[in-house]
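What follows is a set of notes on a single structure, which appears directly below.
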Amino acid sequence: MPNSAIHASPRVCVIGAGPSGITAVKNLLQAGITNVICYEKNTDVGGNWIYSPQVSHSSVFETTHIISSKKLSEYDGFPMPDDYPDYPSHNQLLKYFRAYALHFGVYNYIQFNTEVTNAQPHKDGRQWLITLHNGSVETFDYLLVANGHHWNPRMPQYPGKFNGELLHSHEFKNNLPFKGKRVLVIGGGNSACDVAVETSRVSAFTAISMRRGYYIVPKFMFGKPADMVNARFIKLPRWIRHSLMQFTHRIIVGDMTAYGLQKPEHPILGAHPTMNSELLYQLRHGKVHPRPDIERLEGNTVHFKDGKAEQYDTIIAATGFNISFPFFDTHLINYTDNDVPLFKRIFHPTLRTLMFIGLVQPMGCIWPLADAHAKLAANYIAGNYQLPANLQTEIDKDLTRINKRYSKSHRHTIEVEYHEHLQELHKEIPPNAPKWQNKPAPAYSA
Ligand SMILES: Cc1cc2nc3c(=O)[nH]c(=O)nc-3n(C[C@H](O)[C@H](O)[C@H](O)COP(=O)(O)OP(=O)(O)OC[C@H]3O[C@@H](n4cnc5c(N)ncnc54)[C@H](O)[C@@H]3O)c2cc1C
Ligand SMILES: NC(=O)c1ccc[n+]([C@@H]2O[C@H](COP(=O)([O-])OP(=O)(O)OC[C@H]3O[C@@H](n4cnc5c(N)ncnc54)[C@H](OP(=O)(O)O)[C@@H]3O)[C@@H](O)[C@H]2O)c1
């Protein structure tokens, strides 16, 4: 643990030691900033990827495999082992995260079993007062937030009352509790499709209710991981790439209505991708039954918007998560039902000592992007990178782009395209930046 009493370089707090937090610490250390403490409420690194049979910080499911391919899911300069498959399992990924943290000496800077309960700007935002669950308060010059955004369940609301069991996918671990039951899964994202596929193996009946049409993308196309096929087109203009993807999906999968699903009203790149080969298979084998949106609930009966009604024992709402920061005063930061106005998805417009790492929902993998966020943040703290004068204009442009591109939904407020976002970050990261030179923290400019 670094000595907090004597510090020549700025004192930096990182909240969370999930895939984003560990790369934050690694990149700070590599920029020569060693006066770092990372607070982690769990007992080890890994965040969502620590599988837990109990309800916890939204662990992955027992059967989860990653949805982006191995090559496009690696931290910079730290490849996954050669014997890992195209889409590694959650156990393999957890090993990878722990190997990364060990390799770069990150563990030495993490204080486990320690929850941050409050984070307050101090000295006009030039410092932070961080309160821990035991009541102690620490002062830091910078705060890097990496607490994750897939842990606080967002529940749907319907008229009426359901008398059966109503869960969120956050509570789903495996299919054992659903043996012989009639299960309705709600949602069209990756959780909904994974959960429906899993319950369909053991349930008496599984249906999936989607409130709109989605493109369900198989994990392999032309014998290659789908994102590797997409990566071949990244140099092309977005509209050509989009047409090619739409065409390729049409050739390989066909019309979504042939699977009993609704016709998507958005373009293929206009929503976070749902990657699932097995759902398509289970739909065509009559193991998962497609249903429209729900109108109301009554006892054990679910009334759908097409006028049909069916009885269910269990409803699993795979309806996503709230972006939340319980340690911030909501007057300071509240992104739950709002836009997320950050420069390059990292820097707060006025609190210049506050940065977010991994607060993106990419069409691709999160942690290579978190790695790039952390590189830029570390260079900024080390004094090698200046924020532009027109920060707010850039943020506004970014928000307009997000709102124009993606279908209107809470989950799309932080949507980015993997290659595009990585490229824009790489343009900003100074090459071969010198290490920390004892420069003062930038002034607060609210
Ligand atoms: C079922 C499931 C499957 C997923 N599959 C994929 C996938 O295939 N690809 C992908 O890119 N993403 C996937 N995700 C998204 C997942 O969130 C990211 O992969 C990744 O875990 C994000 O890392 P993170 O560090 O930002 O957040 P997290 O993994 O959530 O880690 C945050 C860490 O912060 C700690 N923490 C939170 N609050 C505090 C506090 N106040 N004080 C101290 N510590 C705190 C938590 O304990 C946790 O360890 C999946 C998510 C789920 C739920
Ligand atoms: N590796 C894996 O296999 C895997 C598994 C699960 C999750 N993940 C990842 O984890 C993250 C979270 O995924 P997620 O699927 O849990 O959440 P998500 O991506 O936010 O998807 C939530 C889904 O629920 C729908 N929804 C939300 N509110 C609804 C309502 N009131 N009524 C009906 N439908 C509603 C959304 O519809 P809209 O389309 O209208 O938004 C969307 O289809 C994503 O990054 C995902 O890629 C990966």
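Note on naming: chains are A, B, ... as they come in the structure tokens, residues start from 1 per chain, ligands start from 1 in the order shown.
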May I have the residues within 12 Å of Asn230 of chain A as a VMD selection string, using only C-alpha atoms and disregarding those fewer than 5 positions away in the same chain?
-> chain A and resid 68 to 69 72 217 219 to 222 224 to 225 235 to 236 238 240 to 246 248 to 249 269 363 to 364 417 to 419
Enumerate as an mmCIF file with N, CA and C atoms, in the first residue's frame the residues within 7 Å of ligand 1, counting only C-alpha atoms and all ligand atoms.
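To be explicit, this is the file written out as part35.cif:
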data_model
loop_
_atom_site.group_PDB
_atom_site.id
_atom_site.type_symbol
_atom_site.label_atom_id
_atom_site.label_comp_id
_atom_site.auth_asym_id
_atom_site.auth_seq_id
_atom_site.Cartn_x
_atom_site.Cartn_y
_atom_site.Cartn_z
ATOM 1 N N ILE A 15 -12.206 4.041 -7.654
ATOM 2 C CA ILE A 15 -13.304 3.285 -7.021
ATOM 3 C C ILE A 15 -13.621 2.079 -7.896
ATOM 4 N N GLY A 16 -13.373 0.877 -7.357
ATOM 5 C CA GLY A 16 -13.704 -0.361 -8.052
ATOM 6 C C GLY A 16 -12.489 -1.044 -8.660
ATOM 7 N N ALA A 17 -12.406 -2.357 -8.475
ATOM 8 C CA ALA A 17 -11.308 -3.136 -9.066
ATOM 9 C C ALA A 17 -11.872 -4.218 -9.980
ATOM 10 N N GLY A 18 -12.866 -3.816 -10.786
ATOM 11 C CA GLY A 18 -13.355 -4.685 -11.862
ATOM 12 C C GLY A 18 -12.397 -4.540 -13.049
ATOM 13 N N PRO A 19 -12.784 -5.044 -14.216
ATOM 14 C CA PRO A 19 -11.921 -4.917 -15.405
ATOM 15 C C PRO A 19 -11.510 -3.469 -15.694
ATOM 16 N N SER A 20 -12.376 -2.480 -15.386
ATOM 17 C CA SER A 20 -12.017 -1.074 -15.646
ATOM 18 C C SER A 20 -11.073 -0.528 -14.573
ATOM 19 N N GLY A 21 -11.355 -0.843 -13.323
ATOM 20 C CA GLY A 21 -10.531 -0.311 -12.221
ATOM 21 C C GLY A 21 -9.100 -0.819 -12.274
ATOM 22 N N TYR A 39 -10.119 1.377 -4.046
ATOM 23 C CA TYR A 39 -11.016 0.769 -3.060
ATOM 24 C C TYR A 39 -11.943 -0.212 -3.762
ATOM 25 N N GLU A 40 -12.016 -1.411 -3.236
ATOM 26 C CA GLU A 40 -12.864 -2.452 -3.829
ATOM 27 C C GLU A 40 -13.669 -3.099 -2.706
ATOM 28 N N LYS A 41 -14.988 -3.098 -2.861
ATOM 29 C CA LYS A 41 -15.820 -3.642 -1.782
ATOM 30 C C LYS A 41 -15.804 -5.168 -1.748
ATOM 31 N N ASN A 42 -15.446 -5.804 -2.860
ATOM 32 C CA ASN A 42 -15.398 -7.266 -2.910
ATOM 33 C C ASN A 42 -14.033 -7.760 -2.390
ATOM 34 N N VAL A 45 -10.256 -9.000 -7.417
ATOM 35 C CA VAL A 45 -10.537 -8.259 -8.649
ATOM 36 C C VAL A 45 -11.456 -9.090 -9.559
ATOM 37 N N GLY A 46 -12.133 -8.437 -10.507
ATOM 38 C CA GLY A 46 -12.961 -9.168 -11.480
ATOM 39 C C GLY A 46 -14.345 -8.582 -11.680
ATOM 40 N N GLY A 47 -14.885 -7.851 -10.700
ATOM 41 C CA GLY A 47 -16.192 -7.195 -10.851
ATOM 42 C C GLY A 47 -17.277 -8.177 -11.244
ATOM 43 N N ASN A 48 -18.029 -7.861 -12.306
ATOM 44 C CA ASN A 48 -19.132 -8.720 -12.764
ATOM 45 C C ASN A 48 -18.671 -10.146 -13.079
ATOM 46 N N TRP A 49 -17.381 -10.328 -13.342
ATOM 47 C CA TRP A 49 -16.899 -11.631 -13.810
ATOM 48 C C TRP A 49 -16.573 -12.594 -12.672
ATOM 49 N N HIS A 57 -22.932 -8.478 -6.736
ATOM 50 C CA HIS A 57 -22.701 -7.347 -7.638
ATOM 51 C C HIS A 57 -22.943 -7.826 -9.083
ATOM 52 N N SER A 58 -24.197 -8.279 -9.377
ATOM 53 C CA SER A 58 -24.543 -8.773 -10.723
ATOM 54 C C SER A 58 -23.464 -9.649 -11.314
ATOM 55 N N SER A 59 -23.298 -10.834 -10.758
ATOM 56 C CA SER A 59 -22.296 -11.713 -11.372
ATOM 57 C C SER A 59 -22.809 -12.190 -12.722
ATOM 58 N N VAL A 60 -21.879 -12.628 -13.561
ATOM 59 C CA VAL A 60 -22.253 -13.292 -14.806
ATOM 60 C C VAL A 60 -23.033 -14.568 -14.470
ATOM 61 N N PHE A 61 -23.644 -15.183 -15.487
ATOM 62 C CA PHE A 61 -24.381 -16.424 -15.269
ATOM 63 C C PHE A 61 -23.372 -17.589 -15.256
ATOM 64 N N THR A 64 -22.097 -18.152 -18.753
ATOM 65 C CA THR A 64 -21.724 -16.996 -19.597
ATOM 66 C C THR A 64 -20.385 -17.202 -20.309
ATOM 67 N N HIS A 65 -20.391 -16.904 -21.591
ATOM 68 C CA HIS A 65 -19.166 -16.718 -22.374
ATOM 69 C C HIS A 65 -19.225 -15.291 -22.883
ATOM 70 N N ILE A 66 -18.072 -14.730 -23.159
ATOM 71 C CA ILE A 66 -18.025 -13.354 -23.641
ATOM 72 C C ILE A 66 -18.745 -13.253 -24.996
ATOM 73 N N ILE A 67 -19.203 -12.030 -25.348
ATOM 74 C CA ILE A 67 -19.879 -11.883 -26.648
ATOM 75 C C ILE A 67 -18.994 -11.233 -27.698
ATOM 76 N N SER A 68 -17.816 -10.764 -27.310
ATOM 77 C CA SER A 68 -16.871 -10.273 -28.319
ATOM 78 C C SER A 68 -15.752 -11.309 -28.398
ATOM 79 N N THR A 114 -13.502 -2.918 1.040
ATOM 80 C CA THR A 114 -13.625 -1.512 1.426
ATOM 81 C C THR A 114 -14.568 -0.811 0.461
ATOM 82 N N GLU A 115 -15.711 -0.404 0.977
ATOM 83 C CA GLU A 115 -16.696 0.270 0.120
ATOM 84 C C GLU A 115 -16.591 1.783 0.286
ATOM 85 N N VAL A 116 -16.598 2.487 -0.814
ATOM 86 C CA VAL A 116 -16.669 3.954 -0.767
ATOM 87 C C VAL A 116 -18.143 4.312 -0.612
ATOM 88 N N THR A 117 -18.470 5.043 0.449
ATOM 89 C CA THR A 117 -19.883 5.380 0.683
ATOM 90 C C THR A 117 -20.196 6.821 0.299
ATOM 91 N N ALA A 146 -14.716 3.800 -11.340
ATOM 92 C CA ALA A 146 -14.803 2.572 -12.163
ATOM 93 C C ALA A 146 -15.692 1.570 -11.424
ATOM 94 N N ASN A 147 -16.867 2.062 -11.006
ATOM 95 C CA ASN A 147 -17.751 1.213 -10.178
ATOM 96 C C ASN A 147 -18.692 0.343 -11.007
ATOM 97 N N GLY A 148 -18.584 0.417 -12.358
ATOM 98 C CA GLY A 148 -19.404 -0.456 -13.213
ATOM 99 C C GLY A 148 -20.805 0.112 -13.418
ATOM 100 N N HIS A 149 -21.475 -0.352 -14.476
ATOM 101 C CA HIS A 149 -22.837 0.140 -14.717
ATOM 102 C C HIS A 149 -23.797 -0.986 -15.056
ATOM 103 N N HIS A 150 -23.436 -2.217 -14.636
ATOM 104 C CA HIS A 150 -24.340 -3.352 -14.839
ATOM 105 C C HIS A 150 -24.557 -4.069 -13.517
ATOM 106 N N TRP A 151 -25.104 -3.364 -12.553
ATOM 107 C CA TRP A 151 -25.327 -4.007 -11.246
ATOM 108 C C TRP A 151 -26.601 -3.546 -10.559
ATOM 109 N N HIS A 170 -30.517 -9.980 -13.002
ATOM 110 C CA HIS A 170 -29.503 -9.794 -11.960
ATOM 111 C C HIS A 170 -29.521 -10.972 -10.954
ATOM 112 N N SER A 191 -28.758 -10.365 -22.101
ATOM 113 C CA SER A 191 -29.202 -11.127 -20.926
ATOM 114 C C SER A 191 -30.484 -11.874 -21.244
ATOM 115 N N PRO A 326 -23.984 5.547 -6.044
ATOM 116 C CA PRO A 326 -24.594 5.828 -4.737
ATOM 117 C C PRO A 326 -23.724 6.712 -3.844
ATOM 118 N N PHE A 327 -22.444 6.839 -4.174
ATOM 119 C CA PHE A 327 -21.532 7.628 -3.332
ATOM 120 C C PHE A 327 -21.517 9.114 -3.719
ATOM 121 N N ILE A 357 -13.995 5.775 -15.852
ATOM 122 C CA ILE A 357 -13.270 4.752 -16.629
ATOM 123 C C ILE A 357 -14.239 3.605 -16.926
ATOM 124 N N GLY A 358 -14.431 3.323 -18.213
ATOM 125 C CA GLY A 358 -15.297 2.186 -18.597
ATOM 126 C C GLY A 358 -16.773 2.501 -18.564
ATOM 127 N N LEU A 359 -17.132 3.794 -18.553
ATOM 128 C CA LEU A 359 -18.561 4.152 -18.529
ATOM 129 C C LEU A 359 -19.089 4.239 -19.968
ATOM 130 N N GLY A 364 -18.993 -4.007 -28.864
ATOM 131 C CA GLY A 364 -17.704 -4.678 -28.711
ATOM 132 C C GLY A 364 -17.425 -4.791 -27.216
ATOM 133 N N CYS A 365 -16.171 -5.000 -26.891
ATOM 134 C CA CYS A 365 -15.817 -5.294 -25.499
ATOM 135 C C CYS A 365 -15.512 -4.011 -24.698
ATOM 136 N N ILE A 366 -15.828 -4.028 -23.412
ATOM 137 C CA ILE A 366 -15.653 -2.816 -22.589
ATOM 138 C C ILE A 366 -14.190 -2.554 -22.225
ATOM 139 N N TRP A 367 -13.440 -3.576 -21.769
ATOM 140 C CA TRP A 367 -12.185 -3.252 -21.073
ATOM 141 C C TRP A 367 -11.042 -2.750 -21.963
#
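Interatomic distance, atom CA of Asn334 of chain A against atom 4 (C, counted along the ligand's line) of ligand 2: 25.6 Å.
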6 Å shell around ligand 2 using only C-alpha atoms and all ligand atoms, listed as a VMD selection string = chain A and resid 64 to 67 156 186 to 192 210 to 211 318 to 321 361 409 411
Set the distance at 7 Å and use only C-alpha atoms: which residues neighbour segment 177-183 of chain A once local chain neighbours fewer than 6 positions away are removed? I'd like the list as a PDB file with N, CA and C atoms, in the first residue's frame.
ATOM      1  N   THR A 199     -33.233 -21.268 -19.806  1.00  0.00           N
ATOM      2  CA  THR A 199     -34.436 -21.833 -19.172  1.00  0.00           C
ATOM      3  C   THR A 199     -35.130 -22.811 -20.122  1.00  0.00           C
ATOM      4  N   VAL A 202     -34.784 -26.632 -19.676  1.00  0.00           N
ATOM      5  CA  VAL A 202     -35.356 -27.404 -18.559  1.00  0.00           C
ATOM      6  C   VAL A 202     -36.809 -27.048 -18.237  1.00  0.00           C
ATOM      7  N   SER A 203     -37.284 -25.925 -18.740  1.00  0.00           N
ATOM      8  CA  SER A 203     -38.621 -25.450 -18.342  1.00  0.00           C
ATOM      9  C   SER A 203     -39.717 -26.269 -19.029  1.00  0.00           C
ATOM     10  N   ALA A 204     -40.961 -26.107 -18.524  1.00  0.00           N
ATOM     11  CA  ALA A 204     -42.102 -26.704 -19.231  1.00  0.00           C
ATOM     12  C   ALA A 204     -42.383 -25.892 -20.493  1.00  0.00           C
ATOM     13  N   PHE A 205     -42.119 -24.569 -20.405  1.00  0.00           N
ATOM     14  CA  PHE A 205     -42.419 -23.660 -21.523  1.00  0.00           C
ATOM     15  C   PHE A 205     -41.627 -22.380 -21.289  1.00  0.00           C
ATOM     16  N   THR A 206     -40.928 -21.899 -22.307  1.00  0.00           N
ATOM     17  CA  THR A 206     -40.231 -20.607 -22.184  1.00  0.00           C
ATOM     18  C   THR A 206     -40.677 -19.703 -23.330  1.00  0.00           C
ATOM     19  N   ALA A 207     -41.057 -18.468 -22.965  1.00  0.00           N
ATOM     20  CA  ALA A 207     -41.372 -17.461 -23.990  1.00  0.00           C
ATOM     21  C   ALA A 207     -40.501 -16.241 -23.744  1.00  0.00           C
ATOM     22  N   TYR A 312     -48.199 -17.907 -16.504  1.00  0.00           N
ATOM     23  CA  TYR A 312     -46.771 -18.178 -16.222  1.00  0.00           C
ATOM     24  C   TYR A 312     -46.554 -18.365 -14.737  1.00  0.00           C
ATOM     25  N   ASP A 313     -45.546 -19.194 -14.412  1.00  0.00           N
ATOM     26  CA  ASP A 313     -45.121 -19.339 -13.005  1.00  0.00           C
ATOM     27  C   ASP A 313     -44.115 -18.253 -12.646  1.00  0.00           C
ATOM     28  N   THR A 314     -43.253 -17.926 -13.631  1.00  0.00           N
ATOM     29  CA  THR A 314     -42.127 -17.019 -13.350  1.00  0.00           C
ATOM     30  C   THR A 314     -41.954 -16.023 -14.481  1.00  0.00           C
ATOM     31  N   ILE A 315     -41.687 -14.777 -14.098  1.00  0.00           N
ATOM     32  CA  ILE A 315     -41.275 -13.770 -15.103  1.00  0.00           C
ATOM     33  C   ILE A 315     -39.850 -13.345 -14.747  1.00  0.00           C
TER      34      ILE A 315
END
Near-Thr34 of chain A list (9 Å; only C-alpha atoms; drop same-chain fewer than 6 positions) as number ranges by chain | A: 2, 9-12, 25, 28, 109
Show which residues sit within 9 Å of Ile402 of chain A, as JSON, numbers by chain. Count only C-alpha atoms, and ignore same-chain residues fewer than 3 positions away.
-> {"A": [397, 398, 399, 405, 406, 412, 413, 414, 415, 416]}
Give the strand (DSSP E or B) residues of segment 217-367 of chain A, as DSSP finds them on the backbone, and put them as a ChimeraX atom specification.
-> /A:217,220-221,224-225,274-275,288-291,294-299,301-304,309-311,314-317,321-322,343,347,354-356,361-363
Can you pull out every residue within 9 Å of Lys173 of chain A, counting only C-alpha atoms, but drop anything in the same chain fewer than 6 positions away, and send it as a PyMOL selection string?
-> chain A and resi 51-55+59-63
Prev. selection, C-alpha atoms, output as a CSV table (one decimal), in the first residue's frame:
chain,number,residue,atom,x,y,z
A,51,TYR,CA,-19.4,-15.8,-10.6
A,52,SER,CA,-21.4,-16.0,-7.5
A,53,PRO,CA,-24.3,-18.4,-6.9
A,54,GLN,CA,-25.8,-15.8,-4.5
A,55,VAL,CA,-27.2,-12.5,-5.6
A,59,SER,CA,-22.3,-11.7,-11.4
A,60,VAL,CA,-22.3,-13.3,-14.8
A,61,PHE,CA,-24.4,-16.4,-15.3
A,62,GLU,CA,-23.0,-19.9,-14.7
A,63,THR,CA,-22.9,-20.5,-18.5
Surrounding residues of segment 389-391 of chain A excluding itself and chain neighbours under 3 positions, 8 Å, only C-alpha atoms, as an MDAnalysis selection string = chainID A and resid 343 349 394:395
DSSP alpha helix (DSSP H) residues within segment 93-230 of chain A, listed as a PDB file with N, CA and C atoms, in the first residue's frame:
ATOM      1  N   LEU A  93     -11.985 -15.725 -18.288  1.00  0.00           N
ATOM      2  CA  LEU A  93     -11.800 -14.266 -18.248  1.00  0.00           C
ATOM      3  C   LEU A  93     -11.372 -13.802 -16.870  1.00  0.00           C
ATOM      4  N   LEU A  94     -11.965 -14.417 -15.844  1.00  0.00           N
ATOM      5  CA  LEU A  94     -11.577 -14.020 -14.481  1.00  0.00           C
ATOM      6  C   LEU A  94     -10.082 -14.303 -14.262  1.00  0.00           C
ATOM      7  N   LYS A  95      -9.622 -15.451 -14.752  1.00  0.00           N
ATOM      8  CA  LYS A  95      -8.185 -15.780 -14.638  1.00  0.00           C
ATOM      9  C   LYS A  95      -7.353 -14.732 -15.365  1.00  0.00           C
ATOM     10  N   TYR A  96      -7.830 -14.325 -16.527  1.00  0.00           N
ATOM     11  CA  TYR A  96      -7.120 -13.315 -17.336  1.00  0.00           C
ATOM     12  C   TYR A  96      -7.028 -11.990 -16.562  1.00  0.00           C
ATOM     13  N   PHE A  97      -8.135 -11.553 -15.961  1.00  0.00           N
ATOM     14  CA  PHE A  97      -8.115 -10.278 -15.218  1.00  0.00           C
ATOM     15  C   PHE A  97      -7.136 -10.362 -14.046  1.00  0.00           C
ATOM     16  N   ARG A  98      -7.160 -11.505 -13.368  1.00  0.00           N
ATOM     17  CA  ARG A  98      -6.281 -11.641 -12.189  1.00  0.00           C
ATOM     18  C   ARG A  98      -4.815 -11.706 -12.615  1.00  0.00           C
ATOM     19  N   ALA A  99      -4.559 -12.356 -13.757  1.00  0.00           N
ATOM     20  CA  ALA A  99      -3.180 -12.426 -14.265  1.00  0.00           C
ATOM     21  C   ALA A  99      -2.693 -11.018 -14.616  1.00  0.00           C
ATOM     22  N   TYR A 100      -3.569 -10.229 -15.194  1.00  0.00           N
ATOM     23  CA  TYR A 100      -3.224  -8.851 -15.592  1.00  0.00           C
ATOM     24  C   TYR A 100      -2.879  -8.024 -14.341  1.00  0.00           C
ATOM     25  N   ALA A 101      -3.740  -8.130 -13.342  1.00  0.00           N
ATOM     26  CA  ALA A 101      -3.523  -7.351 -12.107  1.00  0.00           C
ATOM     27  C   ALA A 101      -2.224  -7.786 -11.422  1.00  0.00           C
ATOM     28  N   LEU A 102      -1.939  -9.083 -11.463  1.00  0.00           N
ATOM     29  CA  LEU A 102      -0.690  -9.589 -10.844  1.00  0.00           C
ATOM     30  C   LEU A 102       0.527  -9.107 -11.635  1.00  0.00           C
ATOM     31  N   HIS A 103       0.436  -9.269 -12.955  1.00  0.00           N
ATOM     32  CA  HIS A 103       1.562  -8.957 -13.831  1.00  0.00           C
ATOM     33  C   HIS A 103       2.007  -7.496 -13.687  1.00  0.00           C
ATOM     34  N   ASN A 190     -28.743  -8.989 -24.558  1.00  0.00           N
ATOM     35  CA  ASN A 190     -27.965 -10.228 -24.409  1.00  0.00           C
ATOM     36  C   ASN A 190     -28.380 -11.036 -23.193  1.00  0.00           C
ATOM     37  N   SER A 191     -28.758 -10.365 -22.101  1.00  0.00           N
ATOM     38  CA  SER A 191     -29.202 -11.127 -20.926  1.00  0.00           C
ATOM     39  C   SER A 191     -30.484 -11.874 -21.244  1.00  0.00           C
ATOM     40  N   ALA A 192     -31.467 -11.184 -21.833  1.00  0.00           N
ATOM     41  CA  ALA A 192     -32.762 -11.816 -22.110  1.00  0.00           C
ATOM     42  C   ALA A 192     -32.573 -13.065 -22.975  1.00  0.00           C
ATOM     43  N   CYS A 193     -31.767 -12.939 -24.021  1.00  0.00           N
ATOM     44  CA  CYS A 193     -31.610 -14.070 -24.951  1.00  0.00           C
ATOM     45  C   CYS A 193     -30.862 -15.216 -24.282  1.00  0.00           C
ATOM     46  N   ASP A 194     -29.816 -14.890 -23.511  1.00  0.00           N
ATOM     47  CA  ASP A 194     -29.085 -15.947 -22.790  1.00  0.00           C
ATOM     48  C   ASP A 194     -30.003 -16.663 -21.791  1.00  0.00           C
ATOM     49  N   VAL A 195     -30.774 -15.884 -21.041  1.00  0.00           N
ATOM     50  CA  VAL A 195     -31.639 -16.477 -20.004  1.00  0.00           C
ATOM     51  C   VAL A 195     -32.711 -17.354 -20.656  1.00  0.00           C
ATOM     52  N   ALA A 196     -33.313 -16.859 -21.738  1.00  0.00           N
ATOM     53  CA  ALA A 196     -34.369 -17.641 -22.403  1.00  0.00           C
ATOM     54  C   ALA A 196     -33.812 -18.963 -22.936  1.00  0.00           C
ATOM     55  N   VAL A 197     -32.617 -18.901 -23.530  1.00  0.00           N
ATOM     56  CA  VAL A 197     -31.997 -20.128 -24.058  1.00  0.00           C
ATOM     57  C   VAL A 197     -31.757 -21.106 -22.901  1.00  0.00           C
ATOM     58  N   GLU A 198     -31.236 -20.597 -21.800  1.00  0.00           N
ATOM     59  CA  GLU A 198     -30.922 -21.484 -20.664  1.00  0.00           C
ATOM     60  C   GLU A 198     -32.185 -22.094 -20.061  1.00  0.00           C
ATOM     61  N   THR A 199     -33.233 -21.268 -19.806  1.00  0.00           N
ATOM     62  CA  THR A 199     -34.436 -21.833 -19.172  1.00  0.00           C
ATOM     63  C   THR A 199     -35.130 -22.811 -20.122  1.00  0.00           C
ATOM     64  N   SER A 200     -35.020 -22.553 -21.443  1.00  0.00           N
ATOM     65  CA  SER A 200     -35.720 -23.423 -22.406  1.00  0.00           C
ATOM     66  C   SER A 200     -35.213 -24.860 -22.359  1.00  0.00           C
ATOM     67  N   ALA A 226     -18.177 -12.995 -35.414  1.00  0.00           N
ATOM     68  CA  ALA A 226     -18.876 -11.924 -36.144  1.00  0.00           C
ATOM     69  C   ALA A 226     -18.123 -10.594 -36.056  1.00  0.00           C
ATOM     70  N   ASP A 227     -17.505 -10.290 -34.894  1.00  0.00           N
ATOM     71  CA  ASP A 227     -16.834  -8.980 -34.780  1.00  0.00           C
ATOM     72  C   ASP A 227     -15.547  -8.935 -35.613  1.00  0.00           C
ATOM     73  N   MET A 228     -14.963 -10.111 -35.897  1.00  0.00           N
ATOM     74  CA  MET A 228     -13.765 -10.131 -36.752  1.00  0.00           C
ATOM     75  C   MET A 228     -14.172  -9.836 -38.211  1.00  0.00           C
ATOM     76  N   VAL A 229     -15.374 -10.296 -38.582  1.00  0.00           N
ATOM     77  CA  VAL A 229     -15.871  -9.999 -39.927  1.00  0.00           C
ATOM     78  C   VAL A 229     -16.119  -8.491 -40.036  1.00  0.00           C
ATOM     79  N   ASN A 230     -16.766  -7.947 -39.019  1.00  0.00           N
ATOM     80  CA  ASN A 230     -17.055  -6.503 -38.994  1.00  0.00           C
ATOM     81  C   ASN A 230     -15.760  -5.687 -39.022  1.00  0.00           C
TER      82      ASN A 230
END
